[in-house]
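Note: the block below is work-v4.cif and it holds mmCIF, C-alpha atoms.
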data_my_file
loop_
_atom_site.label_atom_id
_atom_site.label_comp_id
_atom_site.auth_asym_id
_atom_site.auth_seq_id
_atom_site.Cartn_x
_atom_site.Cartn_y
_atom_site.Cartn_z
CA MET C 1 167.23 22.60 248.55
CA LYS C 2 170.04 24.04 246.47
CA LEU C 3 169.63 27.39 244.74
CA ALA C 4 169.81 25.74 241.31
CA ASP C 5 166.96 23.39 242.30
CA GLN C 6 164.90 26.28 243.63
CA LEU C 7 165.27 28.09 240.32
CA GLN C 8 164.33 24.94 238.40
CA VAL C 9 161.23 24.43 240.55
CA ALA C 10 160.28 28.07 239.92
CA ARG C 11 160.61 27.57 236.14
CA MET C 12 158.61 24.34 236.30
CA LEU C 13 155.92 26.04 238.37
CA LEU C 14 155.56 28.89 235.88
CA GLY C 15 155.19 26.35 233.09
CA ALA C 16 152.62 24.34 235.04
CA LEU C 17 150.58 27.44 235.85
CA ARG C 18 150.26 27.99 232.08
CA SER C 19 149.79 24.38 230.98
CA GLN C 20 146.81 23.81 233.31
CA TRP C 21 144.77 26.01 230.93
CA TRP C 22 145.76 24.23 227.74
CA PRO C 23 142.88 23.09 225.51
CA ALA C 24 142.08 19.37 225.43
CA HIS C 25 143.68 18.74 222.02
CA ARG C 26 146.99 20.25 223.15
CA ILE C 27 146.95 18.13 226.32
CA ARG C 28 146.34 14.99 224.26
CA GLN C 29 149.19 15.87 221.91
CA TYR C 30 151.56 16.54 224.81
CA GLN C 31 150.66 13.32 226.60
CA GLU C 32 151.03 11.19 223.48
CA ARG C 33 154.41 12.73 222.68
CA GLN C 34 155.67 12.15 226.24
CA LEU C 35 154.19 8.66 226.39
CA VAL C 36 155.82 7.56 223.14
CA ALA C 37 159.16 8.93 224.35
CA ILE C 38 159.01 7.15 227.73
CA MET C 39 157.87 3.87 226.13
CA ARG C 40 160.80 3.97 223.72
CA TYR C 41 163.16 4.82 226.56
CA ALA C 42 161.86 1.99 228.78
CA ALA C 43 162.01 -0.57 225.98
CA ALA C 44 165.65 0.29 225.38
CA ASN C 45 166.95 0.90 228.90
CA VAL C 46 164.83 -0.86 231.56
CA PRO C 47 165.49 -4.60 232.07
CA PHE C 48 161.84 -5.54 232.72
CA TYR C 49 160.74 -3.95 229.44
CA GLN C 50 163.82 -5.02 227.49
CA ARG C 51 162.58 -8.60 227.86
CA LEU C 52 159.62 -7.69 225.65
CA GLU C 53 162.06 -7.25 222.75
CA LEU C 54 160.19 -4.27 221.36
CA GLN C 55 161.96 -2.16 218.76
CA ALA C 56 161.92 1.44 219.93
CA GLU C 57 161.24 2.77 216.43
CA SER C 58 158.10 0.59 216.22
CA ILE C 59 156.52 2.56 219.10
CA THR C 60 154.75 5.48 217.42
CA SER C 61 151.51 6.26 219.29
CA ALA C 62 149.67 5.96 222.59
CA ALA C 63 147.99 2.81 221.23
CA ASP C 64 151.34 1.03 221.57
CA LEU C 65 150.93 1.12 225.33
CA ALA C 66 148.78 -2.02 224.95
CA ARG C 67 151.96 -3.88 223.95
CA PHE C 68 153.24 -3.49 227.50
CA PRO C 69 151.91 -5.70 230.34
CA VAL C 70 149.90 -4.35 233.25
CA ILE C 71 152.07 -4.40 236.38
CA SER C 72 151.37 -4.09 240.11
CA LYS C 73 153.14 -3.50 243.40
CA HIS C 74 153.87 -7.21 243.56
CA ASP C 75 156.01 -7.01 240.42
CA ILE C 76 158.10 -4.18 241.85
CA GLN C 77 158.47 -5.95 245.19
CA ARG C 78 159.63 -9.13 243.52
CA CYS C 79 162.48 -7.47 241.60
CA PRO C 80 162.77 -3.68 241.98
CA ALA C 81 166.08 -3.56 240.09
CA ALA C 82 164.30 -4.81 236.96
CA PHE C 83 162.42 -1.51 236.75
CA MET C 84 165.46 0.73 237.27
CA ALA C 85 166.99 2.24 234.14
CA GLN C 86 170.48 1.22 233.18
CA GLY C 87 173.25 3.65 232.32
CA LEU C 88 172.20 6.49 234.62
CA VAL C 89 174.22 7.85 237.55
CA ARG C 90 172.16 6.84 240.58
CA SER C 91 173.83 9.06 243.15
CA GLY C 92 171.39 11.87 242.41
CA TRP C 93 168.25 9.74 242.54
CA HIS C 94 165.54 10.35 245.12
CA VAL C 95 163.81 7.60 247.05
CA SER C 96 160.09 7.36 247.84
CA ARG C 97 158.90 4.60 250.17
CA THR C 98 155.36 3.53 250.97
CA SER C 99 154.02 3.21 254.49
CA GLY C 100 152.97 -0.31 253.56
CA SER C 101 149.33 0.39 254.42
CA SER C 102 148.24 -1.66 251.40
CA GLY C 103 150.15 -4.63 252.80
CA GLN C 104 152.63 -4.28 249.92
CA PRO C 105 155.41 -1.80 250.84
CA THR C 106 157.46 -0.65 247.86
CA THR C 107 160.35 1.69 247.08
CA THR C 108 160.37 3.94 244.00
CA TYR C 109 163.30 5.92 242.61
CA PHE C 110 163.08 9.30 240.86
CA ASP C 111 165.64 11.17 238.80
CA ARG C 112 166.22 14.78 239.86
CA PRO C 113 164.04 16.58 237.26
CA ALA C 114 161.13 14.16 237.79
CA TRP C 115 161.40 14.63 241.57
CA LEU C 116 161.42 18.42 241.37
CA LEU C 117 158.40 18.42 239.05
CA SER C 118 156.33 15.76 240.82
CA LYS C 119 157.24 16.52 244.41
CA TYR C 120 157.41 20.30 244.33
CA ALA C 121 156.32 22.19 241.21
CA LEU C 122 153.00 20.40 240.65
CA LYS C 123 152.21 20.55 244.36
CA MET C 124 152.82 24.30 244.33
CA ARG C 125 150.48 24.63 241.35
CA ARG C 126 147.75 22.81 243.27
CA LEU C 127 148.25 25.14 246.22
CA ALA C 128 148.03 28.18 243.94
CA ALA C 129 144.90 26.88 242.18
CA THR C 130 142.95 26.10 245.34
CA GLY C 131 144.13 28.51 248.01
CA GLY C 132 146.45 30.95 246.31
CA LEU C 133 150.24 30.95 246.46
CA PRO C 134 151.07 30.28 250.13
CA PHE C 135 154.13 32.50 250.46
CA GLY C 136 154.53 33.47 254.10
CA ARG C 137 151.57 31.39 255.29
CA ARG C 138 151.57 28.92 258.16
CA VAL C 139 151.05 25.30 257.16
CA LEU C 140 150.37 22.42 259.56
CA ILE C 141 151.21 18.98 258.17
CA VAL C 142 149.90 15.91 259.97
CA SER C 143 152.47 13.25 259.16
CA GLU C 144 152.28 9.47 259.29
CA GLN C 145 155.82 9.46 260.65
CA THR C 146 156.40 8.73 264.32
CA PRO C 147 157.25 11.54 266.78
CA GLU C 148 160.85 10.26 266.85
CA GLN C 149 161.13 10.46 263.08
CA LEU C 150 159.63 13.95 263.06
CA ALA C 151 162.20 15.09 265.61
CA GLY C 152 164.82 14.40 262.96
CA VAL C 153 162.83 16.42 260.42
CA ALA C 154 162.60 19.36 262.81
CA ASP C 155 166.34 19.30 263.41
CA ALA C 156 167.20 19.20 259.71
CA ALA C 157 167.92 22.31 257.68
CA PRO C 158 164.91 23.82 255.87
CA SER C 159 164.33 22.14 252.52
CA GLY C 160 161.65 21.38 249.96
CA LEU C 161 158.50 23.48 250.07
CA GLY C 162 159.47 24.81 253.49
CA ILE C 163 161.56 27.47 251.78
CA PHE C 164 158.36 29.08 250.46
CA PHE C 165 156.25 29.12 253.63
CA ARG C 166 156.34 28.28 257.31
CA GLN C 167 155.46 24.71 258.15
CA ARG C 168 155.05 22.62 261.28
CA TYR C 169 154.68 18.87 261.58
CA VAL C 170 152.74 16.78 264.06
CA SER C 171 152.55 12.99 264.18
CA ILE C 172 149.26 11.23 263.66
CA HIS C 173 150.51 8.64 266.15
CA THR C 174 150.20 11.07 269.06
CA PRO C 175 146.75 11.76 270.59
CA ALA C 176 144.83 14.36 268.63
CA GLU C 177 143.83 16.15 271.85
CA ASP C 178 147.52 16.94 272.44
CA HIS C 179 147.51 19.01 269.24
CA LEU C 180 144.74 21.41 270.27
CA PRO C 181 147.11 23.82 272.11
CA LEU C 182 149.39 23.90 269.04
CA LEU C 183 146.41 24.70 266.82
CA ARG C 184 145.43 27.62 269.03
CA ASP C 185 148.97 28.99 269.20
CA TYR C 186 150.10 28.34 265.64
CA GLN C 187 146.83 29.41 263.94
CA PRO C 188 147.59 27.67 260.62
CA HIS C 189 146.28 29.03 257.35
CA ILE C 190 146.52 25.56 255.77
CA ILE C 191 146.23 22.02 257.18
CA TYR C 192 147.25 18.86 255.33
CA ALA C 193 145.91 15.71 257.01
CA PHE C 194 143.98 12.46 256.75
CA PRO C 195 140.19 13.05 256.85
CA SER C 196 139.91 10.78 259.91
CA TYR C 197 142.40 12.92 261.82
CA LEU C 198 140.39 16.08 261.21
CA LEU C 199 137.22 14.26 262.31
CA ASP C 200 139.04 13.19 265.48
CA LEU C 201 139.96 16.81 266.21
CA ILE C 202 136.40 17.95 265.68
CA THR C 203 134.96 15.24 267.95
CA ILE C 204 137.45 16.01 270.73
CA ALA C 205 136.92 19.77 270.47
CA GLU C 206 133.15 19.30 270.68
CA ARG C 207 133.44 17.11 273.76
CA LEU C 208 135.78 19.58 275.46
CA GLY C 209 133.75 22.59 274.40
CA THR C 210 136.84 24.04 272.71
CA ALA C 211 136.57 26.23 269.64
CA LEU C 212 138.71 25.26 266.67
CA PRO C 213 140.60 28.00 264.81
CA ARG C 214 139.34 29.05 261.41
CA VAL C 215 141.46 27.42 258.71
CA ALA C 216 140.96 28.76 255.20
CA THR C 217 142.24 25.72 253.28
CA LEU C 218 142.37 22.05 254.25
CA TYR C 219 143.88 19.30 252.11
CA THR C 220 143.02 15.68 252.70
CA SER C 221 144.59 12.55 251.25
CA SER C 222 145.28 8.82 251.71
CA GLU C 223 141.74 7.93 252.78
CA VAL C 224 138.44 8.08 250.90
CA LEU C 225 136.76 11.40 251.71
CA THR C 226 133.00 10.96 252.00
CA SER C 227 130.58 13.83 251.39
CA ALA C 228 129.45 13.79 255.02
CA ALA C 229 133.04 13.99 256.26
CA ARG C 230 133.74 16.90 253.92
CA GLU C 231 130.69 18.84 255.11
CA ARG C 232 131.55 18.28 258.77
CA ILE C 233 135.17 19.38 258.32
CA GLU C 234 134.23 22.50 256.34
CA ARG C 235 131.60 23.45 258.91
CA ALA C 236 133.97 23.00 261.86
CA PHE C 237 136.96 24.87 260.41
CA GLY C 238 135.08 27.37 258.25
CA GLY C 239 137.27 26.69 255.22
CA GLY C 240 137.35 24.74 251.99
CA VAL C 241 138.37 21.08 251.79
CA TYR C 242 140.28 19.80 248.74
CA ASP C 243 141.14 16.15 248.39
CA VAL C 244 144.44 15.05 246.85
CA TYR C 245 145.04 11.67 245.22
CA GLY C 246 148.57 10.35 245.01
CA SER C 247 150.91 7.43 245.50
CA THR C 248 154.52 6.79 246.36
CA GLU C 249 155.15 5.61 242.80
CA PHE C 250 154.01 8.86 241.13
CA LYS C 251 153.66 11.40 243.99
CA GLU C 252 150.59 13.64 243.48
CA VAL C 253 148.42 12.19 240.71
CA ALA C 254 145.26 14.31 240.82
CA TRP C 255 143.69 17.05 242.94
CA GLN C 256 140.29 18.62 243.41
CA CYS C 257 139.52 22.07 242.11
CA HIS C 258 136.82 24.39 243.46
CA ALA C 259 134.24 22.71 241.20
CA GLY C 260 134.89 19.25 242.66
CA PRO C 261 136.46 16.95 240.01
CA TYR C 262 139.97 15.60 240.44
CA HIS C 263 142.28 17.02 237.77
CA LEU C 264 145.05 14.75 236.58
CA ASN C 265 148.60 16.10 236.75
CA PHE C 266 148.90 15.30 233.08
CA GLU C 267 152.45 16.65 232.83
CA ASN C 268 153.89 13.71 234.78
CA VAL C 269 151.34 10.88 234.65
CA TYR C 270 149.10 9.22 232.08
CA VAL C 271 145.90 7.43 233.14
CA GLU C 272 144.28 4.82 230.92
CA SER C 273 140.78 6.00 230.16
CA GLN C 274 137.70 4.09 231.23
CA GLN C 275 134.08 4.49 230.19
CA PRO C 276 132.91 7.92 231.43
CA GLY C 277 130.62 7.78 234.43
CA ARG C 278 131.55 4.18 235.21
CA CYS C 279 133.79 2.89 237.97
CA GLY C 280 137.02 1.29 236.78
CA ALA C 281 140.59 0.43 237.74
CA VAL C 282 143.14 3.24 237.94
CA VAL C 283 146.07 2.26 235.69
CA LEU C 284 148.90 4.80 235.48
CA SER C 285 152.06 5.35 233.44
CA SER C 286 154.90 7.72 234.26
CA LEU C 287 155.63 10.42 231.68
CA CYS C 288 158.79 11.92 233.14
CA ASN C 289 160.60 9.59 235.57
CA ARG C 290 163.58 8.15 233.71
CA ALA C 291 165.09 6.55 236.80
CA MET C 292 162.23 4.09 237.24
CA PRO C 293 159.63 4.50 234.46
CA LEU C 294 156.55 2.52 235.41
CA LEU C 295 154.16 1.71 232.55
CA ARG C 296 150.61 0.42 232.97
CA PHE C 297 150.84 0.32 236.76
CA ASP C 298 147.59 -0.91 238.32
CA ILE C 299 147.62 1.06 241.53
CA GLY C 300 144.87 -1.05 243.09
CA ASP C 301 142.29 1.74 243.36
CA ARG C 302 138.96 2.20 241.62
CA ALA C 303 137.53 5.51 240.45
CA VAL C 304 134.69 7.02 238.45
CA PHE C 305 136.06 8.68 235.31
CA GLY C 306 134.80 11.96 233.88
CA ALA C 307 134.50 13.08 230.28
CA SER C 308 133.04 16.58 229.96
CA ALA C 309 135.04 19.75 230.50
CA CYS C 310 135.14 21.04 234.07
CA SER C 311 133.30 24.24 234.91
CA CYS C 312 136.55 25.62 236.32
CA GLY C 313 137.85 25.90 232.75
CA ARG C 314 140.53 23.19 232.91
CA ALA C 315 140.41 20.56 230.18
CA SER C 316 142.76 18.04 231.83
CA PRO C 317 141.56 14.42 232.27
CA GLN C 318 139.24 14.06 235.26
CA LEU C 319 138.44 11.55 237.95
CA LEU C 320 135.07 12.29 239.52
CA GLU C 321 135.31 10.23 242.71
CA PHE C 322 137.17 7.32 244.25
CA ALA C 323 135.52 4.07 245.29
CA GLY C 324 138.42 2.78 247.38
CA ARG C 325 140.89 0.00 246.82
CA GLU C 326 140.04 -3.08 244.80
CA GLY C 327 141.04 -5.19 247.80
CA ASP C 328 138.49 -3.38 249.97
CA MET C 329 135.47 -4.47 247.96
CA ILE C 330 132.71 -6.38 249.75
CA ALA C 331 132.84 -10.05 248.70
CA LEU C 332 129.42 -11.71 248.45
CA PRO C 333 128.26 -15.22 247.44
CA ALA C 334 128.39 -16.22 243.76
CA GLY C 335 131.39 -13.96 243.21
CA ARG C 336 129.42 -10.72 243.51
CA ARG C 337 131.49 -7.70 244.61
CA VAL C 338 130.09 -4.39 245.86
CA SER C 339 131.79 -1.14 246.80
CA PRO C 340 131.48 -0.46 250.55
CA TYR C 341 130.78 3.18 249.75
CA LEU C 342 127.29 2.19 248.62
CA LEU C 343 126.64 1.64 252.34
CA THR C 344 128.01 4.90 253.67
CA THR C 345 124.95 6.99 252.81
CA ALA C 346 122.82 4.75 255.03
CA ILE C 347 125.03 5.57 258.00
CA GLU C 348 125.87 9.18 257.24
CA SER C 349 122.20 10.12 257.10
CA GLU C 350 122.09 9.63 260.90
CA ASP C 351 123.16 12.89 262.54
CA SER C 352 123.91 11.23 265.88
CA ILE C 353 126.95 9.48 264.36
CA LEU C 354 130.26 11.32 264.71
CA GLN C 355 132.51 8.62 263.23
CA TYR C 356 132.11 5.04 262.06
CA ARG C 357 133.76 2.02 260.53
CA ILE C 358 132.12 -0.88 258.68
CA SER C 359 133.70 -4.34 259.04
CA GLN C 360 132.70 -7.44 257.09
CA THR C 361 133.19 -10.32 259.52
CA SER C 362 131.83 -13.11 257.26
CA VAL C 363 130.04 -13.51 253.94
CA ARG C 364 126.71 -12.20 255.26
CA ALA C 365 127.71 -10.59 258.56
CA PHE C 366 128.74 -6.99 259.13
CA ARG C 367 129.60 -4.88 262.14
CA VAL C 368 129.45 -1.12 262.38
CA ASP C 369 131.53 0.54 265.10
CA VAL C 370 130.24 4.03 265.81
CA ILE C 371 131.13 7.01 267.93
CA VAL C 372 127.86 8.74 268.78
CA LYS C 373 127.06 12.03 270.43
CA SER C 374 125.36 10.38 273.41
CA PRO C 375 125.38 6.74 274.62
CA GLY C 376 122.48 4.63 273.38
CA GLN C 377 121.62 6.77 270.37
CA SER C 378 122.35 3.93 267.94
CA LEU C 379 119.26 2.07 269.17
CA ARG C 380 117.07 4.56 267.31
CA TRP C 381 118.35 3.73 263.85
CA GLN C 382 119.83 0.21 263.90
CA GLN C 383 116.79 -1.45 262.32
CA ARG C 384 116.50 1.20 259.60
CA VAL C 385 120.20 0.99 258.68
CA CYS C 386 120.05 -2.82 258.59
CA ALA C 387 117.15 -2.62 256.12
CA GLN C 388 119.19 -0.33 253.86
CA PHE C 389 122.14 -2.72 254.04
CA GLU C 390 119.84 -5.53 252.88
CA ARG C 391 118.66 -3.46 249.91
CA VAL C 392 122.27 -3.08 248.75
CA LEU C 393 123.67 -6.47 249.71
CA GLY C 394 120.65 -8.77 249.51
CA GLU C 395 118.46 -10.51 252.05
CA GLY C 396 119.92 -12.50 254.91
CA VAL C 397 122.53 -9.92 255.90
CA THR C 398 123.10 -9.52 259.63
CA LEU C 399 124.29 -6.26 261.13
CA ALA C 400 125.74 -5.68 264.59
CA VAL C 401 126.19 -2.11 265.83
CA ARG C 402 128.73 -1.37 268.52
CA GLU C 403 129.13 1.99 270.22
CA VAL C 404 132.80 2.72 270.94
CA GLU C 405 134.85 5.53 272.45
CA ARG C 406 137.46 5.56 269.69
CA LEU C 407 138.39 3.88 266.41
CA GLU C 408 141.90 2.48 266.22
CA ARG C 409 144.25 3.38 263.40
CA ALA C 410 146.42 1.11 261.28
CA PRO C 411 150.21 1.25 261.87
CA SER C 412 150.42 3.64 258.89
CA GLY C 413 148.19 6.10 260.73
CA LYS C 414 145.34 5.63 258.26
CA ARG C 415 141.83 4.67 259.29
CA SER C 416 139.65 3.02 256.68
CA VAL C 417 135.89 3.44 256.53
CA PHE C 418 135.69 -0.24 255.59
CA VAL C 419 137.58 -3.29 256.84
CA ALA C 420 137.40 -6.19 254.40
CA MET C 421 136.52 -9.74 255.36
CA PRO C 422 139.47 -11.87 256.53
CA ALA C 423 140.78 -14.18 253.82
CA SER C 424 139.98 -17.20 256.01
CA ALA C 425 136.29 -16.24 255.92
CA SER C 426 136.07 -15.61 252.16
CA PRO C 427 133.37 -17.48 250.25
#

What do you get writing this file as structure tokens?
Amino acid sequence: MKLADQLQVARMLLGALRSQWWPAHRIRQYQERQLVAIMRYAAANVPFYQRLELQAESITSAADLARFPVISKHDIQRCPAAFMAQGLVRSGWHVSRTSGSSGQPTTTYFDRPAWLLSKYALKMRRLAATGGLPFGRRVLIVSEQTPEQLAGVADAAPSGLGIFFRQRYVSIHTPAEDHLPLLRDYQPHIIYAFPSYLLDLITIAERLGTALPRVATLYTSSEVLTSAARERIERAFGGGVYDVYGSTEFKEVAWQCHAGPYHLNFENVYVESQQPGRCGAVVLSSLCNRAMPLLRFDIGDRAVFGASACSCGRASPQLLEFAGREGDMIALPAGRRVSPYLLTTAIESEDSILQYRISQTSVRAFRVDVIVKSPGQSLRWQQRVCAQFERVLGEGVTLAVREVERLERAPSGKRSVFVAMPASASP
């Protein structure tokens, strides 16, 4: 990172450390001002939005966002150039690519100021708010890149956040047991990883009788973090767990504070409000990215929205919890759809279960793969869990429980708690 960029990140960080304490009315005013500006800019400079033939001067408030269509990953895949602003020098743009874990890989472009704010300054603010500024600390990042790709990262000159603290990378595609010696030697102060990876480490350490180092701060992302997983991770590492919600299209979107809610990074993203306390679609609009301004982007996730001020003192918009991707919903007869996370409490109440995955194999058939502390322990609770499944899903549901040694990951490195029914078996 160039010195000029470092200085700009520092200025952005100082601003973000102040703006996180703005009162609600000032946040609303800021977001509306930024939203009107980016809508006008998109209508005038972005081919996809130019087709709407909106007059920029007619866009005067946040309510005008309804004049723009809701878009999805499919729209960007079909014609990415249509969302790229005209008239800008593209040589300085930054590229963000998805792992394709949603089945819809996309590429997003950021102008330099938007990249520095979204990728670095707001991330540093989150670190400061949850664990204190990490200057000089050791950070272990569990990456979804392959070991070969990480070798290139290790050989590259220090850049990005690595100028502020020491960081090491390990690949999630290598066996977790191979990372235990590094953990002992490196003694990280901070770990950034998928929840399933941390659960793997804990399970392996317990089986080997190996003590895990104390880690003060752990950040999780990319997978739904259940309450049972959080408690197990915090107990094993003796530190606090903070979940981070983000996407390749916007970078970090929201993060958990000490009180629990997810605070929106309102400086760079706008979320369309839903009824407080109810689960709804997460629809986002960029407030700062002039290279590829995405408006009304349905990210495919569902969340419970908050309304009241957080006890931490921040008045930024809140998301209380995430219910997973829309495509991961359980499909039942008569068009009924249920979140799979209504089933997790039935399984997580059983202390013999170390890890699990629920798969819907047909309309009324489910399978639960479990890693248990001792072989045969699932026999004690199978009937009870099946009864709880029926209460949520209706009578006639069949449940098969299979004890396994390990749960496989997707090519992206992620491991979902729920595997949706194959399209060929849909009702």

* To do: Any chance you could resolve the PyMOL selection byres ((chain C and resi 278) around 12) against this file and give the residues as a list in words?
  =>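 When the PyMOL selection byres ((chain C and resi 278) around 12) is applied, the selected residues are Ser273, Gln274, Gln275, Pro276, Gly277, Cys279, Gly280, Ala281, Val282, Arg302, Ala303, Val304, Phe305, Gly306, Ala307, Leu319, Leu320, Glu321, Phe322 and Ala323 of chain C.
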
Convert the current residue selection to file output with C-alpha atoms, as a PDB file, in the frame of the given file.
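Below is the file selection05.pdb, written as the result:
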ATOM      1  CA  SER C 273     140.780   6.000 230.160  1.00  0.00           C
ATOM      2  CA  GLN C 274     137.700   4.090 231.230  1.00  0.00           C
ATOM      3  CA  GLN C 275     134.080   4.490 230.190  1.00  0.00           C
ATOM      4  CA  PRO C 276     132.910   7.920 231.430  1.00  0.00           C
ATOM      5  CA  GLY C 277     130.620   7.780 234.430  1.00  0.00           C
ATOM      6  CA  CYS C 279     133.790   2.890 237.970  1.00  0.00           C
ATOM      7  CA  GLY C 280     137.020   1.290 236.780  1.00  0.00           C
ATOM      8  CA  ALA C 281     140.590   0.430 237.740  1.00  0.00           C
ATOM      9  CA  VAL C 282     143.140   3.240 237.940  1.00  0.00           C
ATOM     10  CA  ARG C 302     138.960   2.200 241.620  1.00  0.00           C
ATOM     11  CA  ALA C 303     137.530   5.510 240.450  1.00  0.00           C
ATOM     12  CA  VAL C 304     134.690   7.020 238.450  1.00  0.00           C
ATOM     13  CA  PHE C 305     136.060   8.680 235.310  1.00  0.00           C
ATOM     14  CA  GLY C 306     134.800  11.960 233.880  1.00  0.00           C
ATOM     15  CA  ALA C 307     134.500  13.080 230.280  1.00  0.00           C
ATOM     16  CA  LEU C 319     138.440  11.550 237.950  1.00  0.00           C
ATOM     17  CA  LEU C 320     135.070  12.290 239.520  1.00  0.00           C
ATOM     18  CA  GLU C 321     135.310  10.230 242.710  1.00  0.00           C
ATOM     19  CA  PHE C 322     137.170   7.320 244.250  1.00  0.00           C
ATOM     20  CA  ALA C 323     135.520   4.070 245.290  1.00  0.00           C
TER      21      ALA C 323
END

* Asked: Which residue, C:Phe389, C:Ser19, C:Lys251, C:Leu201, has the smallest gap to C:Leu354 when you use all atoms listed in the file?
  ->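 Residue with the minimum atom-to-atom distance to C:Leu354: C:Leu201.
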
* Reference answer for the PyMOL selection byres ((chain C and resi 195) around 7), as a list of chain:residue names ->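 Written out, the selection comes to C:Ala193, C:Phe194, C:Ser196, C:Tyr197, C:Leu198, C:Leu199, C:Thr220, C:Glu223, C:Leu225.
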
* To do: List the residues selected by the PyMOL selection byres ((chain C and resi 404-409) around 8) in the file shown, writing them as an MDAnalysis selection string.
  => chainID C and resid 356:357 369:371 402:403 410:415

* Could you give me, as a list in words, the residues within 10 Å of C:Lys119, counting all atoms listed in the file and dropping anything in the same chain fewer than 5 positions from it? => Val9, Phe110, Pro113, Ala114, Met124, Gly160, Leu161, Phe250, Lys251 and Glu252 of chain C

Find the residues near C:Val269: any atom within 6 Å, counting only C-alpha atoms, skip ones fewer than 3 places away on the same chain, and give them as a compact mmCIF listing (two decimals) with C-alpha atoms, in the coordinates of the input.
# COMPACT_ATOMS: atom_id res chain seq x y z
CA PHE C 266 148.90 15.30 233.08
CA SER C 285 152.06 5.35 233.44
CA SER C 286 154.90 7.72 234.26
CA LEU C 287 155.63 10.42 231.68

* Asked: Counting all atoms listed in the file, which residues come within 7 Å of (129.6, -2.6, 259.0), with the point read in the file's coordinates, and could you list them as an MDAnalysis selection string?
  -> chainID C and resid 357:360 366:368 399

* Give me, please, the distance in Å between atom CA of C:Phe68 and atom CA of C:Leu122, quoted to one decimal. =>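 Straight-line distance from atom CA of C:Phe68 to atom CA of C:Leu122 works out to 27.3 Å.
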